[in-house]
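Next comes entry_36.txt, a file with compact mmCIF, C-alpha atoms.
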```
# COMPACT_ATOMS: atom_id res chain seq x y z
CA MET D 1 0.00 0.00 0.00
CA GLU D 2 1.33 3.43 -0.92
CA SER D 3 2.01 5.87 1.88
CA SER D 4 -0.53 8.65 2.30
CA GLU D 5 2.09 11.02 3.81
CA PRO D 6 2.53 13.26 0.71
CA ALA D 7 -1.24 13.77 0.48
CA ALA D 8 -1.37 14.70 4.17
CA GLN D 9 1.38 17.28 3.72
CA ALA D 10 -0.15 19.00 0.71
CA PRO D 11 -2.96 20.83 2.54
CA ALA D 12 -0.43 22.24 5.03
CA GLY D 13 1.60 23.58 2.12
CA ARG D 14 -1.45 25.20 0.60
CA VAL D 15 -2.35 26.75 3.94
CA ASP D 16 1.16 28.17 4.30
CA ARG D 17 1.04 29.64 0.80
CA ARG D 18 -2.38 31.15 1.47
CA LYS D 19 -1.12 32.69 4.70
CA GLN D 20 1.89 34.14 2.90
CA ARG D 21 -0.35 35.63 0.21
CA THR D 22 -2.47 37.22 2.92
CA ARG D 23 0.61 38.64 4.65
CA ASP D 24 1.89 40.03 1.34
CA ALA D 25 -1.50 41.59 0.58
CA VAL D 26 -1.63 43.24 4.01
CA VAL D 27 1.87 44.64 3.68
CA ALA D 28 1.21 45.98 0.17
CA ALA D 29 -2.08 47.58 1.20
CA ALA D 30 -0.61 49.09 4.36
CA MET D 31 2.40 50.58 2.61
CA ARG D 32 0.15 52.22 0.01
CA LEU D 33 -1.88 53.79 2.82
CA PHE D 34 1.22 54.86 4.76
CA ARG D 35 2.66 56.61 1.71
CA ARG D 36 -0.63 58.33 0.97
CA HIS D 37 -1.68 59.37 4.47
CA GLY D 38 1.39 58.96 6.65
CA PHE D 39 1.97 56.23 9.22
CA ASP D 40 0.12 57.97 12.04
CA GLY D 41 -2.79 58.82 9.77
CA VAL D 42 -3.68 55.18 9.09
CA THR D 43 -5.57 52.83 11.42
CA MET D 44 -5.54 49.05 11.61
CA GLU D 45 -9.19 49.11 10.57
CA GLN D 46 -8.29 50.95 7.37
CA ILE D 47 -5.52 48.47 6.63
CA ALA D 48 -7.88 45.53 7.13
CA GLY D 49 -10.39 47.14 4.79
CA ALA D 50 -7.80 47.85 2.11
CA ALA D 51 -6.54 44.26 2.32
CA ASP D 52 -10.14 42.94 2.29
CA ILE D 53 -9.79 40.92 5.49
CA ALA D 54 -11.43 41.05 8.90
CA LYS D 55 -9.82 43.18 11.60
CA GLY D 56 -9.37 40.11 13.80
CA THR D 57 -7.57 38.32 10.97
CA LEU D 58 -5.24 41.29 10.55
CA TYR D 59 -4.31 41.20 14.24
CA SER D 60 -3.55 37.49 14.00
CA TYR D 61 -0.86 38.35 11.43
CA PHE D 62 0.36 41.71 12.73
CA PRO D 63 -0.31 42.88 16.31
CA VAL D 64 0.73 46.48 15.57
CA LYS D 65 1.36 48.70 12.55
CA GLU D 66 5.08 48.72 13.23
CA ALA D 67 5.15 44.96 12.66
CA ILE D 68 3.83 45.54 9.13
CA VAL D 69 6.62 48.03 8.44
CA ALA D 70 9.14 45.52 9.77
CA ALA D 71 7.77 42.82 7.47
CA TYR D 72 8.00 45.20 4.49
CA LEU D 73 11.62 46.15 5.20
CA ASP D 74 12.58 42.55 5.95
CA LYS D 75 11.24 41.49 2.57
CA GLU D 76 12.94 44.40 0.78
CA SER D 77 16.26 43.48 2.36
CA LEU D 78 15.85 39.83 1.35
CA VAL D 79 15.40 40.87 -2.28
CA ARG D 80 18.75 42.71 -2.24
CA ASN D 81 20.58 40.22 -0.07
CA ALA D 82 21.97 37.81 -2.68
CA GLU D 83 24.00 40.50 -4.44
CA ARG D 84 24.93 42.11 -1.11
CA LEU D 85 26.30 38.86 0.31
CA VAL D 86 28.42 38.24 -2.79
CA ARG D 87 30.03 41.66 -2.34
CA LEU D 88 30.60 41.09 1.36
CA ARG D 89 32.37 37.77 0.82
CA ALA D 90 34.78 39.47 -1.58
CA LEU D 91 35.86 42.00 1.06
CA GLY D 92 39.01 41.38 3.05
CA GLY D 93 38.18 40.80 6.68
CA THR D 94 35.49 41.41 9.26
CA ARG D 95 36.23 45.10 9.75
CA ALA D 96 35.71 45.82 6.07
CA ARG D 97 32.51 43.77 5.99
CA LEU D 98 31.12 45.52 9.06
CA ALA D 99 31.95 48.97 7.69
CA ALA D 100 30.42 48.23 4.29
CA SER D 101 27.24 46.65 5.64
CA LEU D 102 26.59 49.27 8.33
CA GLY D 103 27.24 52.07 5.87
CA GLU D 104 24.84 50.57 3.35
CA LEU D 105 22.17 50.06 6.00
CA ILE D 106 22.36 53.69 7.10
CA GLU D 107 22.07 54.84 3.48
CA ALA D 108 18.84 52.84 3.32
CA VAL D 109 17.66 54.64 6.46
CA ARG D 110 18.46 57.98 4.83
CA ALA D 111 16.31 57.03 1.84
CA GLN D 112 13.21 56.22 3.98
CA PRO D 113 13.72 57.91 7.37
CA ASP D 114 10.06 58.00 8.43
CA ILE D 115 9.47 54.32 7.68
CA PHE D 116 12.71 53.23 9.34
CA GLU D 117 11.90 55.22 12.46
CA LYS D 118 8.85 52.99 13.01
CA TYR D 119 10.95 49.93 12.18
CA PHE D 120 13.51 50.77 14.87
CA THR D 121 10.79 51.35 17.44
CA TYR D 122 9.47 47.85 16.79
CA ARG D 123 12.86 46.15 16.53
CA THR D 124 14.09 47.73 19.77
CA ARG D 125 11.09 46.33 21.59
CA GLN D 126 11.81 42.95 20.04
CA MET D 127 15.44 43.05 21.13
CA ILE D 128 14.60 43.62 24.79
CA SER D 129 11.59 41.29 24.83
CA LEU D 130 11.88 38.11 26.86
CA ARG D 131 9.94 36.40 24.05
CA ARG D 132 12.08 37.48 21.15
CA GLU D 133 11.05 35.79 17.92
CA ARG D 134 13.77 33.51 16.57
CA ASN D 135 11.92 32.05 13.56
CA GLN D 136 11.71 35.26 11.56
CA VAL D 137 13.88 35.36 8.45
CA SER D 138 15.07 38.79 7.36
CA GLY D 139 17.77 40.23 5.17
CA LEU D 140 19.35 41.85 8.22
CA ARG D 141 19.51 38.54 10.08
CA LEU D 142 21.08 36.75 7.10
CA LEU D 143 23.53 39.61 6.61
CA GLU D 144 24.75 39.71 10.20
CA ASP D 145 24.90 35.91 10.40
CA GLU D 146 27.12 35.76 7.31
CA ILE D 147 29.48 38.44 8.67
CA ILE D 148 29.76 36.64 11.99
CA ARG D 149 30.32 33.19 10.47
CA LEU D 150 32.96 34.47 8.04
CA GLY D 151 34.70 36.26 10.90
CA GLN D 152 34.69 33.14 13.05
CA ASP D 153 35.93 30.96 10.20
CA ALA D 154 38.81 33.40 9.65
CA GLY D 155 39.68 33.39 13.36
CA GLU D 156 38.78 37.08 13.73
CA LEU D 157 35.72 36.64 15.93
CA ARG D 158 35.30 34.69 19.12
CA ARG D 159 33.53 31.33 19.20
CA ASP D 160 33.13 31.18 22.97
CA LEU D 161 30.26 33.68 22.95
CA PRO D 162 26.66 32.71 22.13
CA PHE D 163 25.88 33.39 18.48
CA GLU D 164 22.72 35.24 19.53
CA LEU D 165 24.86 37.65 21.57
CA LEU D 166 26.97 38.49 18.54
CA GLU D 167 23.81 39.05 16.49
CA ALA D 168 22.45 41.36 19.16
CA LEU D 169 25.73 43.32 19.23
CA PHE D 170 25.53 43.88 15.47
CA GLU D 171 21.90 45.02 15.72
CA PHE D 172 22.78 47.30 18.64
CA CYS D 173 25.49 48.97 16.53
CA PHE D 174 23.00 49.45 13.69
CA ILE D 175 20.39 50.98 16.01
CA ILE D 176 22.93 53.30 17.66
CA LEU D 177 24.10 54.46 14.24
CA ALA D 178 20.54 55.16 13.17
CA GLN D 179 19.83 56.99 16.42
CA ARG D 180 22.80 59.27 15.83
CA TYR D 181 21.62 59.93 12.29
CA TYR D 182 18.14 60.93 13.47
CA GLU D 183 19.64 63.22 16.12
CA GLU D 184 22.30 64.87 13.95
CA ARG D 185 20.90 64.71 10.39
CA GLU D 186 22.94 67.19 8.33
CA ALA D 187 25.84 67.11 10.81
CA PHE D 188 25.98 63.32 10.81
CA ASP D 189 29.43 62.03 9.84
CA LEU D 190 28.70 58.56 8.43
CA SER D 191 32.31 57.44 8.01
CA ARG D 192 33.32 58.44 11.55
CA ALA D 193 30.19 56.97 13.15
CA VAL D 194 30.55 53.67 11.29
CA GLY D 195 34.21 53.46 12.24
CA GLN D 196 33.34 53.88 15.91
CA CYS D 197 30.72 51.13 15.76
CA VAL D 198 33.13 48.79 13.99
CA GLU D 199 35.63 49.34 16.80
CA LEU D 200 32.90 48.72 19.36
CA PHE D 201 31.93 45.44 17.72
CA MET D 202 35.49 44.22 17.26
CA ASN D 203 36.55 45.13 20.79
CA GLY D 204 33.62 43.17 22.17
CA ALA D 205 33.58 40.23 19.77
CA GLY D 206 37.09 40.19 18.32
CA LYS D 207 39.44 37.31 18.96
CA GLU D 208 41.21 37.74 22.28
CA ARG D 209 44.96 38.20 22.08
CA ALA D 210 47.14 35.79 23.98
CA ARG D 211 48.19 37.17 27.36
```

Would you mind writing the file out in structure tokens?
Amino acid sequence: MESSEPAAQAPAGRVDRRKQRTRDAVVAAAMRLFRRHGFDGVTMEQIAGAADIAKGTLYSYFPVKEAIVAAYLDKESLVRNAERLVRLRALGGTRARLAASLGELIEAVRAQPDIFEKYFTYRTRQMISLRRERNQVSGLRLLEDEIIRLGQDAGELRRDLPFELLEALFEFCFIILAQRYYEEREAFDLSRAVGQCVELFMNGAGKERAR
């Protein structure tokens, strides 16, 4: 008798694809509204209506508007990540990779400052939450993971620290950089600020010298 396992798995796959289509529709509808009316001028009810779903269904996907912005930026970063990772691997060493990636991330912030401000609000809450989500795939997560793994393979970064701690240190540097940009704007010195964050990361995560 043939196994029925493939048939049992198919509905789950269809459900997952349907859920992803719903998420994509919500994000697309919300971003159109945000661009037209501003983030603060749009309600969850309006987003649900634009996406043609019930308000309760919307909340089951996204508890707050900031989560929708985060999903949008995560997807955008994933689209660009393949080419970005190829360039990073060609750079010589962890310092160069950190400087290039942090600089590119801040340029993205400069291009959409209002949207990124909401993103950072949400991500900061996630970072300090005791229930931090670990199953979310984003371009930022893949980027930082690649930098850390390459650095460890080259003997430039420590292996005795939890990987999650190194990820959090990278994200902290990114958030601090963005905070300085929002505070200083025209006076913001990108090269100097990035250099300081690279030093911070390497001093905390860099391979310890023999004593």

For this session: Write out as a PyMOL selection string which residues come within 10 Å of Arg158 (chain D) when counting all atoms listed in the file, dropping same-chain ones fewer than 5 positions away.
Result: chain D and resi 148+151-153+163+166+202+204-208

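Of the residues under consideration (D:Glu117, D:Arg23, D:Leu78, D:Val86), D:Arg23 shows the shortest atom-to-atom contact distance to Tyr59 (chain D) when counting all atoms listed in the file.
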
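Coordinates place CA of Gln112 (chain D) at a distance of 23.2 Å from CA of Leu88 (chain D).
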
For this session: Can you work out the spacing between CA of Ala70 (chain D) and CA of Tyr122 (chain D) in Å, to one decimal?
Result: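 Atom-to-atom, CA of Ala70 (chain D) and CA of Tyr122 (chain D) are spaced 7.4 Å apart.
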
For this session: Skip Tyr61 (chain D) itself and residues of its chain fewer than 5 positions away, then list as number ranges by chain all residues within 10 Å of it, counting all atoms listed in the file.
Result: D: 19-20, 22-23, 26, 56, 67-68

Those same residues, written as a compact mmCIF listing (two decimals), in the frame of the given file with C-alpha atoms?
```
# COMPACT_ATOMS: atom_id res chain seq x y z
CA LYS D 19 -1.12 32.69 4.70
CA GLN D 20 1.89 34.14 2.90
CA THR D 22 -2.47 37.22 2.92
CA ARG D 23 0.61 38.64 4.65
CA VAL D 26 -1.63 43.24 4.01
CA GLY D 56 -9.37 40.11 13.80
CA ALA D 67 5.15 44.96 12.66
CA ILE D 68 3.83 45.54 9.13
```

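Going from CA of Ala71 (chain D) to CA of Gln196 (chain D) covers 29.1 Å.
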
Give me the residues near Glu107 (chain D) as a compact mmCIF listing (two decimals) with C-alpha atoms, in the coordinates of the input, where near means some atom within 12 Å (using all atoms listed in the file) and where sequence neighbours in that chain fewer than 4 positions away do not count.
```
# COMPACT_ATOMS: atom_id res chain seq x y z
CA ALA D 100 30.42 48.23 4.29
CA SER D 101 27.24 46.65 5.64
CA LEU D 102 26.59 49.27 8.33
CA GLY D 103 27.24 52.07 5.87
CA ALA D 111 16.31 57.03 1.84
CA GLN D 112 13.21 56.22 3.98
CA PRO D 113 13.72 57.91 7.37
CA PHE D 116 12.71 53.23 9.34
CA PHE D 174 23.00 49.45 13.69
CA LEU D 177 24.10 54.46 14.24
CA ALA D 178 20.54 55.16 13.17
CA TYR D 181 21.62 59.93 12.29
CA PHE D 188 25.98 63.32 10.81
CA LEU D 190 28.70 58.56 8.43
CA SER D 191 32.31 57.44 8.01
CA VAL D 194 30.55 53.67 11.29
```

Problem set entry | Using all atoms listed in the file: which of D:Leu33, D:Leu161, D:Ile106, D:Leu91 has the shortest distance to Cys173 (chain D) | D:Ile106

Exercise. Which is closer to Val109 (chain D) than all the others in D:Leu73, D:Val15, D:Met44, D:Leu143, using all atoms listed in the file?
Worked result: D:Leu73

Problem set entry | Shell around Asp40 (chain D) at 12 Å using all atoms listed in the file, local window under 3 positions removed, as a PyMOL selection string | chain D and resi 30+33-37+43-44+46+65-66+114-115+118

For this session: Identify, on the basis of only C-alpha atoms, every residue whose closest approach to Phe172 (chain D) does not exceed 12 Å; exclude the query and any residue fewer than 2 positions from it along the same chain; express the result as a ChimeraX atom specification.
Result: /D:102,120,123-124,126-128,144,165-170,174-179,197-198,200-201

Problem set entry | Minimum-distance residue to Arg84 (chain D), chosen among D:Leu58, D:Thr121, D:Pro63, D:Leu142 (using all atoms listed in the file) |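 Smallest separation from Arg84 (chain D) among the options: D:Leu142.
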